[in-house]
Amino acid sequence: MKLDPAIRDQVLATVPSLRAFAISLCGNIDRADDLVQETLLRALAHIDSFEPGTNMPAWLFTILRNLFRSEYRKRRREVEDADGRYAETLKSHPEQTGRVEFEEFQVALAKLPSDQREALILVGASGFSYDDAAAICGCAVGTIKSRVNRARTRLADLLSIDSVDDFGPDRATRAVLAGGGRG
Amino acid sequence: MGNSDEMKSRKTNLEALQPDADRPEAHDPTGKRPHKHEIRLGREAQVRIGELLRTMYNSYVNQGVPQHLDDLVRRIGEQD
């Protein structure tokens, strides 16, 4: 049975954000593309289980997230990226954001526990509601809220920021003068 | 959840969910900083983190659909 073109177009329309989620989770573009490909293969093989009119992005994100978690259990040390390889593999430096600041952010994001990172990305970047994010992650809404809050707090701690004044071109200089940051 | 529609209508769910003005420590008359584990971020810091997160994410989204994934979906979609 051929795939309904409308469904196919919905799948294709979701791929850019699905891939962005995968890259943000994996920290490796090649692995992320493999993960997206595996997600699409699995989704299209079980397309009958998708109810037209329901949330296609949430359905695909759930499949990808579950595949990632399966892989994560096998490759935990790599994914945690304690040595910073995550950011090294991400060669994206949007022009509107300072390069150093952006790299610092990527390194900090990579240091988050994966459950906090995925919650933060789903809610703060992918645009899912807390309810949808909870459904994707298979947990309670309150758990997602807690993870997002802890992720933000941890990021601020890693980036040594209390306010927006702590961002900007002088931040690195101030960090050096302060002897490497706050205690 | 009664506020799910409100959250869906936001550009992001990060900025306004917990405005620091609503937090007890924002009104602490002693001016003491809360313990590190109890720190609640100020709104500006939350906004900046949200901006950086979306900038990173959108830089990947803007790369579009890689050709091999587009081909994959279309090829499978044509199979009987």
# chains A, B, ... in the order shown; residues from 1 in each chain; ligands from 1
$ residues_around --residues "Gly64 of chain B" --least-positions-apart "2" --cutoff "10 Å" --atoms "only C-alpha atoms" --output "list of chain:residue names"
A:Leu12, A:Ala13, A:Thr14, A:Val15, A:Pro16, A:Ser17, A:Arg19, A:Ala20, B:Ser59, B:Tyr60, B:Val61, B:Asn62, B:Pro66, B:Gln67, B:Asp70
$ write_last_selection --atoms "N, CA, C and O atoms" --output "mmCIF file, in the first residue's frame"
data_model
loop_
_atom_site.group_PDB
_atom_site.id
_atom_site.type_symbol
_atom_site.label_atom_id
_atom_site.label_comp_id
_atom_site.auth_asym_id
_atom_site.auth_seq_id
_atom_site.Cartn_x
_atom_site.Cartn_y
_atom_site.Cartn_z
ATOM 1 N N LEU A 12 7.860 14.478 6.043
ATOM 2 C CA LEU A 12 8.973 15.276 5.515
ATOM 3 C C LEU A 12 9.053 16.648 6.177
ATOM 4 O O LEU A 12 10.141 17.160 6.437
ATOM 5 N N ALA A 13 7.892 17.226 6.462
ATOM 6 C CA ALA A 13 7.881 18.549 7.091
ATOM 7 C C ALA A 13 8.437 18.503 8.506
ATOM 8 O O ALA A 13 8.924 19.519 9.026
ATOM 9 N N THR A 14 8.371 17.330 9.122
ATOM 10 C CA THR A 14 8.855 17.195 10.498
ATOM 11 C C THR A 14 10.351 16.896 10.554
ATOM 12 O O THR A 14 10.988 17.098 11.591
ATOM 13 N N VAL A 15 10.908 16.430 9.436
ATOM 14 C CA VAL A 15 12.306 15.979 9.451
ATOM 15 C C VAL A 15 13.292 17.052 9.934
ATOM 16 O O VAL A 15 14.173 16.738 10.756
ATOM 17 N N PRO A 16 13.196 18.312 9.488
ATOM 18 C CA PRO A 16 14.194 19.290 9.968
ATOM 19 C C PRO A 16 14.226 19.432 11.498
ATOM 20 O O PRO A 16 15.306 19.447 12.101
ATOM 21 N N SER A 17 13.058 19.531 12.112
ATOM 22 C CA SER A 17 13.057 19.676 13.572
ATOM 23 C C SER A 17 13.406 18.355 14.254
ATOM 24 O O SER A 17 14.058 18.340 15.309
ATOM 25 N N ARG A 19 15.474 16.209 13.098
ATOM 26 C CA ARG A 19 16.936 16.111 12.975
ATOM 27 C C ARG A 19 17.623 17.058 13.952
ATOM 28 O O ARG A 19 18.649 16.707 14.550
ATOM 29 N N ALA A 20 17.069 18.257 14.121
ATOM 30 C CA ALA A 20 17.643 19.200 15.084
ATOM 31 C C ALA A 20 17.588 18.619 16.495
ATOM 32 O O ALA A 20 18.541 18.761 17.276
ATOM 33 N N SER B 59 19.555 26.670 13.931
ATOM 34 C CA SER B 59 20.636 26.541 12.954
ATOM 35 C C SER B 59 20.625 25.149 12.335
ATOM 36 O O SER B 59 21.017 24.973 11.180
ATOM 37 N N TYR B 60 20.153 24.164 13.085
ATOM 38 C CA TYR B 60 20.029 22.802 12.536
ATOM 39 C C TYR B 60 18.744 22.673 11.720
ATOM 40 O O TYR B 60 18.738 22.063 10.654
ATOM 41 N N VAL B 61 17.668 23.252 12.243
ATOM 42 C CA VAL B 61 16.396 23.184 11.505
ATOM 43 C C VAL B 61 16.551 23.803 10.121
ATOM 44 O O VAL B 61 16.055 23.269 9.122
ATOM 45 N N ASN B 62 17.277 24.922 10.069
ATOM 46 C CA ASN B 62 17.416 25.645 8.801
ATOM 47 C C ASN B 62 18.234 24.888 7.757
ATOM 48 O O ASN B 62 18.300 25.298 6.595
ATOM 49 N N PRO B 66 17.943 16.628 4.597
ATOM 50 C CA PRO B 66 19.031 16.073 3.784
ATOM 51 C C PRO B 66 18.467 15.242 2.627
ATOM 52 O O PRO B 66 17.444 14.560 2.785
ATOM 53 N N GLN B 67 19.143 15.315 1.512
ATOM 54 C CA GLN B 67 18.617 14.663 0.311
ATOM 55 C C GLN B 67 18.391 13.171 0.515
ATOM 56 O O GLN B 67 17.387 12.616 0.046
ATOM 57 N N ASP B 70 15.170 12.637 2.326
ATOM 58 C CA ASP B 70 14.044 12.941 1.433
ATOM 59 C C ASP B 70 13.821 11.770 0.470
ATOM 60 O O ASP B 70 12.687 11.319 0.280
#
$ residues_around --residues "Asp71 of chain B" --least-positions-apart "5" --cutoff "12 Å" --atoms "only C-alpha atoms" --output "ChimeraX atom specification"
/A:8,12,37,40 /B:65-66,76-78
$ write_last_selection --atoms "N, CA and C atoms" --output "tab-separated table (two decimals), in the first residue's frame"
chain	number	residue	atom	x	y	z
A	8	ARG	N	2.94	11.51	3.92
A	8	ARG	CA	4.35	11.63	3.53
A	8	ARG	C	4.85	13.06	3.71
A	12	LEU	N	7.86	14.48	6.04
A	12	LEU	CA	8.97	15.28	5.52
A	12	LEU	C	9.05	16.65	6.18
A	37	GLN	N	17.23	8.51	10.35
A	37	GLN	CA	16.91	7.51	9.32
A	37	GLN	C	16.24	6.29	9.92
A	40	LEU	N	12.71	7.16	10.84
A	40	LEU	CA	11.81	7.21	9.69
A	40	LEU	C	11.47	5.81	9.19
B	65	VAL	N	15.90	19.34	4.94
B	65	VAL	CA	15.86	17.87	4.87
B	65	VAL	C	17.02	17.38	4.02
B	66	PRO	N	17.94	16.63	4.60
B	66	PRO	CA	19.03	16.07	3.78
B	66	PRO	C	18.47	15.24	2.63
B	76	ILE	N	10.18	4.88	0.03
B	76	ILE	CA	9.33	3.97	0.82
B	76	ILE	C	7.84	4.28	0.58
B	77	GLY	N	7.56	5.57	0.42
B	77	GLY	CA	6.18	5.96	0.19
B	77	GLY	C	5.61	5.45	-1.11
B	78	GLU	N	6.48	5.14	-2.07
B	78	GLU	CA	6.02	4.66	-3.37
B	78	GLU	C	5.91	3.14	-3.42
$ atom_distance --atom1 "atom CA of Val11 of chain A" --atom2 "atom CA of Trp59 of chain A"
10.0 Å
$ atom_distance --atom1 "atom CA of Cys137 of chain A" --atom2 "atom CA of Ile63 of chain A"
10.0 Å
$ residues_around --residues "Ala32 of chain A" --least-positions-apart "3" --cutoff "8 Å" --atoms "only C-alpha atoms" --output "PyMOL selection string"
chain A and resi 19+22-23+26-29+35-36
$ write_last_selection --atoms "N, CA, C and O atoms" --output "mmCIF file, in the first residue's frame"
data_model
loop_
_atom_site.group_PDB
_atom_site.id
_atom_site.type_symbol
_atom_site.label_atom_id
_atom_site.label_comp_id
_atom_site.auth_asym_id
_atom_site.auth_seq_id
_atom_site.Cartn_x
_atom_site.Cartn_y
_atom_site.Cartn_z
ATOM 1 N N ARG A 19 15.474 16.209 13.098
ATOM 2 C CA ARG A 19 16.936 16.111 12.975
ATOM 3 C C ARG A 19 17.623 17.058 13.952
ATOM 4 O O ARG A 19 18.649 16.707 14.550
ATOM 5 N N ALA A 22 17.584 15.427 17.197
ATOM 6 C CA ALA A 22 18.554 14.332 17.233
ATOM 7 C C ALA A 22 19.975 14.859 17.411
ATOM 8 O O ALA A 22 20.755 14.323 18.201
ATOM 9 N N ILE A 23 20.312 15.906 16.681
ATOM 10 C CA ILE A 23 21.664 16.478 16.809
ATOM 11 C C ILE A 23 21.875 17.019 18.217
ATOM 12 O O ILE A 23 22.928 16.822 18.816
ATOM 13 N N CYS A 26 22.339 13.883 20.463
ATOM 14 C CA CYS A 26 23.525 13.049 20.228
ATOM 15 C C CYS A 26 24.823 13.835 20.292
ATOM 16 O O CYS A 26 25.842 13.300 20.697
ATOM 17 N N GLY A 27 24.769 15.062 19.809
ATOM 18 C CA GLY A 27 25.997 15.827 19.727
ATOM 19 C C GLY A 27 26.899 15.358 18.609
ATOM 20 O O GLY A 27 28.095 15.642 18.606
ATOM 21 N N ASN A 28 26.341 14.644 17.668
ATOM 22 C CA ASN A 28 27.136 14.138 16.557
ATOM 23 C C ASN A 28 26.221 14.076 15.336
ATOM 24 O O ASN A 28 25.228 13.351 15.347
ATOM 25 N N ILE A 29 26.561 14.833 14.319
ATOM 26 C CA ILE A 29 25.647 14.960 13.190
ATOM 27 C C ILE A 29 25.482 13.645 12.434
ATOM 28 O O ILE A 29 24.371 13.286 12.040
ATOM 29 N N LEU A 35 20.222 8.183 13.330
ATOM 30 C CA LEU A 35 19.085 8.044 14.242
ATOM 31 C C LEU A 35 17.784 8.491 13.565
ATOM 32 O O LEU A 35 16.745 7.843 13.698
ATOM 33 N N VAL A 36 17.864 9.579 12.832
ATOM 34 C CA VAL A 36 16.664 10.060 12.108
ATOM 35 C C VAL A 36 16.258 9.037 11.056
ATOM 36 O O VAL A 36 15.073 8.726 10.899
#
$ atom_distance --atom1 "atom CA of Arg150 of chain A" --atom2 "atom CA of Arg31 of chain A"
26.7 Å
$ interface_residues --of "chain A" --to "chain B" --cutoff "8 Å" --atoms "only C-alpha atoms" --output "short mmCIF file (atom, residue, chain, number, x, y, z; two decimals) with all heavy atoms, in the first residue's frame"
data_model
loop_
_atom_site.label_atom_id
_atom_site.label_comp_id
_atom_site.auth_asym_id
_atom_site.auth_seq_id
_atom_site.Cartn_x
_atom_site.Cartn_y
_atom_site.Cartn_z
N MET A 1 0.84 -1.19 0.00
CA MET A 1 0.00 0.00 0.00
C MET A 1 0.88 1.25 0.00
O MET A 1 1.77 1.39 0.83
CB MET A 1 -0.88 0.01 1.26
CG MET A 1 -1.87 1.14 1.28
SD MET A 1 -2.93 1.10 2.74
CE MET A 1 -1.76 1.59 4.01
N LYS A 2 0.61 2.13 -0.96
CA LYS A 2 1.42 3.35 -1.04
C LYS A 2 1.06 4.29 0.11
O LYS A 2 -0.07 4.32 0.58
CB LYS A 2 1.19 4.03 -2.38
CG LYS A 2 1.83 3.30 -3.55
CD LYS A 2 1.72 4.11 -4.82
CE LYS A 2 2.39 3.38 -5.97
NZ LYS A 2 2.32 4.14 -7.24
N LEU A 3 2.07 5.06 0.47
CA LEU A 3 1.87 6.02 1.55
C LEU A 3 1.03 7.19 1.07
O LEU A 3 1.27 7.72 -0.03
CB LEU A 3 3.25 6.51 2.02
CG LEU A 3 3.31 7.45 3.22
CD1 LEU A 3 2.80 6.76 4.48
CD2 LEU A 3 4.74 7.92 3.43
N ASP A 4 0.06 7.56 1.87
CA ASP A 4 -0.76 8.73 1.56
C ASP A 4 0.16 9.94 1.40
O ASP A 4 0.95 10.25 2.31
CB ASP A 4 -1.75 8.95 2.71
CG ASP A 4 -2.67 10.15 2.48
OD1 ASP A 4 -2.34 11.00 1.62
OD2 ASP A 4 -3.69 10.23 3.17
N PRO A 5 0.08 10.65 0.26
CA PRO A 5 0.98 11.80 0.06
C PRO A 5 0.88 12.85 1.16
O PRO A 5 1.87 13.50 1.49
CB PRO A 5 0.52 12.36 -1.29
CG PRO A 5 -0.09 11.20 -1.99
CD PRO A 5 -0.73 10.37 -0.93
N ARG A 8 2.94 11.51 3.92
CA ARG A 8 4.35 11.63 3.53
C ARG A 8 4.85 13.06 3.71
O ARG A 8 5.94 13.29 4.24
CB ARG A 8 4.51 11.20 2.07
CG ARG A 8 5.95 11.29 1.56
CD ARG A 8 5.97 11.33 0.05
NE ARG A 8 5.29 12.53 -0.45
CZ ARG A 8 4.79 12.67 -1.68
NH1 ARG A 8 4.86 11.68 -2.55
NH2 ARG A 8 4.21 13.80 -2.05
N LEU A 12 7.86 14.48 6.04
CA LEU A 12 8.97 15.28 5.52
C LEU A 12 9.05 16.65 6.18
O LEU A 12 10.14 17.16 6.44
CB LEU A 12 8.85 15.42 4.00
CG LEU A 12 9.22 14.19 3.18
CD1 LEU A 12 8.86 14.38 1.71
CD2 LEU A 12 10.71 13.86 3.33
N VAL A 15 10.91 16.43 9.44
CA VAL A 15 12.31 15.98 9.45
C VAL A 15 13.29 17.05 9.93
O VAL A 15 14.17 16.74 10.76
CB VAL A 15 12.73 15.43 8.07
CG1 VAL A 15 14.24 15.22 7.99
CG2 VAL A 15 12.02 14.10 7.80
N PRO A 16 13.20 18.31 9.49
CA PRO A 16 14.19 19.29 9.97
C PRO A 16 14.23 19.43 11.50
O PRO A 16 15.31 19.45 12.10
CB PRO A 16 13.76 20.59 9.29
CG PRO A 16 13.08 20.15 8.04
CD PRO A 16 12.33 18.90 8.44
N SER A 17 13.06 19.53 12.11
CA SER A 17 13.06 19.68 13.57
C SER A 17 13.41 18.35 14.25
O SER A 17 14.06 18.34 15.31
CB SER A 17 11.71 20.20 14.07
OG SER A 17 10.65 19.37 13.65
N ARG A 19 15.47 16.21 13.10
CA ARG A 19 16.94 16.11 12.98
C ARG A 19 17.62 17.06 13.95
O ARG A 19 18.65 16.71 14.55
CB ARG A 19 17.32 16.43 11.53
CG ARG A 19 18.78 16.30 11.22
CD ARG A 19 19.00 16.37 9.71
NE ARG A 19 20.42 16.35 9.39
CZ ARG A 19 21.16 17.44 9.25
NH1 ARG A 19 20.61 18.64 9.40
NH2 ARG A 19 22.44 17.35 8.97
N ALA A 20 17.07 18.26 14.12
CA ALA A 20 17.64 19.20 15.08
C ALA A 20 17.59 18.62 16.49
O ALA A 20 18.54 18.76 17.28
CB ALA A 20 16.89 20.53 15.03
N PHE A 21 16.49 17.96 16.81
CA PHE A 21 16.36 17.31 18.12
C PHE A 21 17.42 16.21 18.25
O PHE A 21 18.08 16.09 19.29
CB PHE A 21 14.95 16.73 18.25
CG PHE A 21 14.66 16.04 19.55
CD1 PHE A 21 14.87 16.66 20.76
CD2 PHE A 21 14.13 14.75 19.56
CE1 PHE A 21 14.58 16.03 21.97
CE2 PHE A 21 13.84 14.11 20.75
CZ PHE A 21 14.07 14.75 21.96
N ILE A 23 20.31 15.91 16.68
CA ILE A 23 21.66 16.48 16.81
C ILE A 23 21.87 17.02 18.22
O ILE A 23 22.93 16.82 18.82
CB ILE A 23 21.88 17.60 15.77
CG1 ILE A 23 21.83 17.04 14.35
CG2 ILE A 23 23.24 18.28 15.99
CD1 ILE A 23 21.81 18.11 13.25
N SER A 24 20.86 17.68 18.73
CA SER A 24 20.97 18.24 20.08
C SER A 24 21.14 17.15 21.13
O SER A 24 21.82 17.35 22.13
CB SER A 24 19.72 19.08 20.40
OG SER A 24 19.54 20.11 19.46
N GLN A 37 17.23 8.51 10.35
CA GLN A 37 16.91 7.51 9.32
C GLN A 37 16.24 6.29 9.92
O GLN A 37 15.24 5.79 9.39
CB GLN A 37 18.20 7.10 8.59
CG GLN A 37 17.95 6.06 7.50
CD GLN A 37 19.17 5.87 6.60
OE1 GLN A 37 19.82 6.83 6.23
NE2 GLN A 37 19.46 4.63 6.26
N LEU A 40 12.71 7.16 10.84
CA LEU A 40 11.81 7.21 9.69
C LEU A 40 11.47 5.81 9.19
O LEU A 40 10.31 5.52 8.86
CB LEU A 40 12.46 8.03 8.57
CG LEU A 40 12.63 9.53 8.88
CD1 LEU A 40 13.44 10.21 7.78
CD2 LEU A 40 11.28 10.21 9.04
N LEU A 44 7.65 4.60 9.23
CA LEU A 44 6.96 4.25 7.99
C LEU A 44 6.56 2.77 7.97
O LEU A 44 5.56 2.41 7.34
CB LEU A 44 7.85 4.58 6.79
CG LEU A 44 8.11 6.09 6.61
CD1 LEU A 44 9.14 6.35 5.52
CD2 LEU A 44 6.81 6.83 6.30
N SER A 92 28.45 24.29 14.14
CA SER A 92 27.47 25.32 13.80
C SER A 92 27.69 26.54 14.67
O SER A 92 27.64 26.47 15.89
CB SER A 92 26.05 24.77 14.03
OG SER A 92 25.11 25.76 13.75
N HIS A 93 27.97 27.65 14.04
CA HIS A 93 28.20 28.89 14.78
C HIS A 93 27.40 30.01 14.15
O HIS A 93 27.90 30.76 13.31
CB HIS A 93 29.69 29.26 14.76
CG HIS A 93 30.56 28.20 15.34
ND1 HIS A 93 31.41 27.46 14.57
CD2 HIS A 93 30.68 27.74 16.60
CE1 HIS A 93 32.05 26.58 15.34
NE2 HIS A 93 31.62 26.74 16.57
N PRO A 94 26.12 30.09 14.51
CA PRO A 94 25.28 31.13 13.92
C PRO A 94 25.91 32.50 14.05
O PRO A 94 26.44 32.86 15.10
CB PRO A 94 24.00 31.03 14.74
CG PRO A 94 23.99 29.64 15.25
CD PRO A 94 25.43 29.29 15.49
N THR A 97 25.18 35.08 16.89
CA THR A 97 25.61 34.80 18.25
C THR A 97 27.12 34.73 18.28
O THR A 97 27.73 34.15 17.40
CB THR A 97 25.02 33.46 18.74
OG1 THR A 97 23.60 33.52 18.63
CG2 THR A 97 25.41 33.19 20.17
N PHE A 102 28.64 30.97 21.98
CA PHE A 102 27.88 29.86 21.45
C PHE A 102 28.56 28.53 21.75
O PHE A 102 27.91 27.54 22.12
CB PHE A 102 27.70 30.04 19.94
CG PHE A 102 26.67 29.14 19.36
CD1 PHE A 102 25.32 29.36 19.58
CD2 PHE A 102 27.03 28.05 18.59
CE1 PHE A 102 24.36 28.53 19.06
CE2 PHE A 102 26.07 27.22 18.05
CZ PHE A 102 24.73 27.46 18.28
N PHE A 105 28.07 27.65 25.27
CA PHE A 105 26.72 27.15 25.49
C PHE A 105 26.60 25.68 25.08
O PHE A 105 26.01 24.87 25.78
CB PHE A 105 25.71 27.99 24.72
CG PHE A 105 24.29 27.54 24.90
CD1 PHE A 105 23.60 27.85 26.07
CD2 PHE A 105 23.65 26.77 23.94
CE1 PHE A 105 22.30 27.41 26.25
CE2 PHE A 105 22.36 26.33 24.13
CZ PHE A 105 21.68 26.66 25.29
N ILE A 121 15.20 20.86 25.52
CA ILE A 121 15.11 21.05 24.06
C ILE A 121 13.67 20.93 23.58
O ILE A 121 13.21 21.73 22.76
CB ILE A 121 16.02 20.02 23.35
CG1 ILE A 121 17.49 20.29 23.68
CG2 ILE A 121 15.81 20.08 21.84
CD1 ILE A 121 18.41 19.15 23.34
N VAL A 123 10.87 21.48 25.18
CA VAL A 123 10.02 22.59 25.61
C VAL A 123 10.57 23.93 25.14
O VAL A 123 9.81 24.79 24.67
CB VAL A 123 9.89 22.58 27.15
CG1 VAL A 123 9.14 23.81 27.64
CG2 VAL A 123 9.16 21.32 27.61
N GLY A 124 11.87 24.10 25.24
CA GLY A 124 12.45 25.42 24.98
C GLY A 124 12.83 25.68 23.54
O GLY A 124 12.96 26.84 23.15
N ALA A 125 13.00 24.63 22.75
CA ALA A 125 13.41 24.83 21.36
C ALA A 125 12.43 24.22 20.37
O ALA A 125 12.10 24.83 19.37
CB ALA A 125 14.81 24.25 21.15
N SER A 126 11.98 23.01 20.64
CA SER A 126 11.09 22.35 19.68
C SER A 126 9.68 22.88 19.73
O SER A 126 8.90 22.65 18.80
CB SER A 126 11.06 20.84 19.94
OG SER A 126 12.35 20.28 19.84
N GLY A 127 9.34 23.57 20.81
CA GLY A 127 8.03 24.21 20.89
C GLY A 127 6.91 23.33 21.38
O GLY A 127 5.74 23.67 21.24
N PHE A 128 7.24 22.19 21.95
CA PHE A 128 6.20 21.32 22.50
C PHE A 128 5.70 21.89 23.82
O PHE A 128 6.45 22.53 24.57
CB PHE A 128 6.72 19.90 22.72
CG PHE A 128 6.90 19.12 21.45
CD1 PHE A 128 8.16 18.88 20.94
CD2 PHE A 128 5.81 18.63 20.74
CE1 PHE A 128 8.34 18.17 19.76
CE2 PHE A 128 5.97 17.92 19.57
CZ PHE A 128 7.24 17.68 19.08
N SER A 129 4.43 21.63 24.09
CA SER A 129 3.89 21.98 25.40
C SER A 129 4.49 21.03 26.44
O SER A 129 5.06 19.98 26.10
CB SER A 129 2.37 21.83 25.39
OG SER A 129 2.01 20.46 25.25
N TYR A 130 4.34 21.39 27.69
CA TYR A 130 4.80 20.49 28.75
C TYR A 130 4.06 19.16 28.68
O TYR A 130 4.64 18.10 28.91
CB TYR A 130 4.61 21.13 30.13
CG TYR A 130 5.66 22.16 30.48
CD1 TYR A 130 5.48 23.50 30.21
CD2 TYR A 130 6.86 21.77 31.08
CE1 TYR A 130 6.45 24.45 30.53
CE2 TYR A 130 7.84 22.70 31.39
CZ TYR A 130 7.63 24.04 31.12
OH TYR A 130 8.59 24.96 31.43
N ASP A 131 2.79 19.20 28.34
CA ASP A 131 2.00 17.97 28.23
C ASP A 131 2.56 17.07 27.12
O ASP A 131 2.73 15.86 27.32
CB ASP A 131 0.54 18.31 27.92
CG ASP A 131 -0.19 18.88 29.12
OD1 ASP A 131 0.36 18.82 30.23
OD2 ASP A 131 -1.32 19.38 28.95
N ARG A 152 17.91 24.49 33.25
CA ARG A 152 18.21 25.93 33.13
C ARG A 152 19.15 26.37 34.25
O ARG A 152 20.10 27.13 34.02
CB ARG A 152 16.92 26.74 33.21
CG ARG A 152 16.08 26.64 31.98
CD ARG A 152 14.87 27.53 32.09
NE ARG A 152 14.10 27.27 33.31
CZ ARG A 152 12.89 27.71 33.54
NH1 ARG A 152 12.30 28.46 32.65
NH2 ARG A 152 12.27 27.43 34.65
N THR A 153 18.87 25.90 35.46
CA THR A 153 19.70 26.29 36.59
C THR A 153 21.13 25.77 36.42
O THR A 153 22.10 26.48 36.67
CB THR A 153 19.10 25.75 37.89
OG1 THR A 153 17.76 26.22 38.02
CG2 THR A 153 19.91 26.20 39.10
N LEU A 155 22.60 25.03 33.56
CA LEU A 155 23.24 25.78 32.47
C LEU A 155 23.76 27.12 32.99
O LEU A 155 24.89 27.52 32.68
CB LEU A 155 22.25 26.04 31.33
CG LEU A 155 22.04 24.92 30.32
CD1 LEU A 155 20.98 25.33 29.30
CD2 LEU A 155 23.33 24.56 29.61
N ALA A 156 22.93 27.81 33.77
CA ALA A 156 23.35 29.10 34.31
C ALA A 156 24.57 28.92 35.20
O ALA A 156 25.49 29.75 35.19
CB ALA A 156 22.21 29.73 35.08
N ILE A 161 26.35 32.44 35.08
CA ILE A 161 25.51 33.62 34.86
C ILE A 161 24.42 33.72 35.92
O ILE A 161 23.86 32.73 36.34
CB ILE A 161 24.84 33.61 33.47
CG1 ILE A 161 23.99 32.35 33.30
CG2 ILE A 161 25.85 33.77 32.38
CD1 ILE A 161 22.99 32.45 32.18
N ASP A 162 24.17 34.91 36.34
CA ASP A 162 23.02 35.19 37.17
C ASP A 162 22.04 36.08 36.44
O ASP A 162 20.87 36.13 36.72
CB ASP A 162 23.44 35.89 38.46
CG ASP A 162 24.05 34.89 39.43
OD1 ASP A 162 23.66 33.72 39.37
OD2 ASP A 162 24.92 35.29 40.21
N SER A 163 22.58 36.87 35.51
CA SER A 163 21.72 37.78 34.77
C SER A 163 22.27 37.93 33.37
O SER A 163 23.35 37.45 33.04
CB SER A 163 21.68 39.15 35.44
OG SER A 163 22.89 39.83 35.21
N VAL A 164 21.50 38.62 32.56
CA VAL A 164 21.91 38.78 31.17
C VAL A 164 23.21 39.59 31.07
O VAL A 164 23.95 39.51 30.11
CB VAL A 164 20.78 39.45 30.36
CG1 VAL A 164 20.67 40.93 30.71
CG2 VAL A 164 20.99 39.26 28.86
#
$ closest_residue --among "A:Asp33, A:Gly142, A:Glu101, A:Leu120" --to "Ser160 of chain A" --atoms "only C-alpha atoms"
A:Glu101
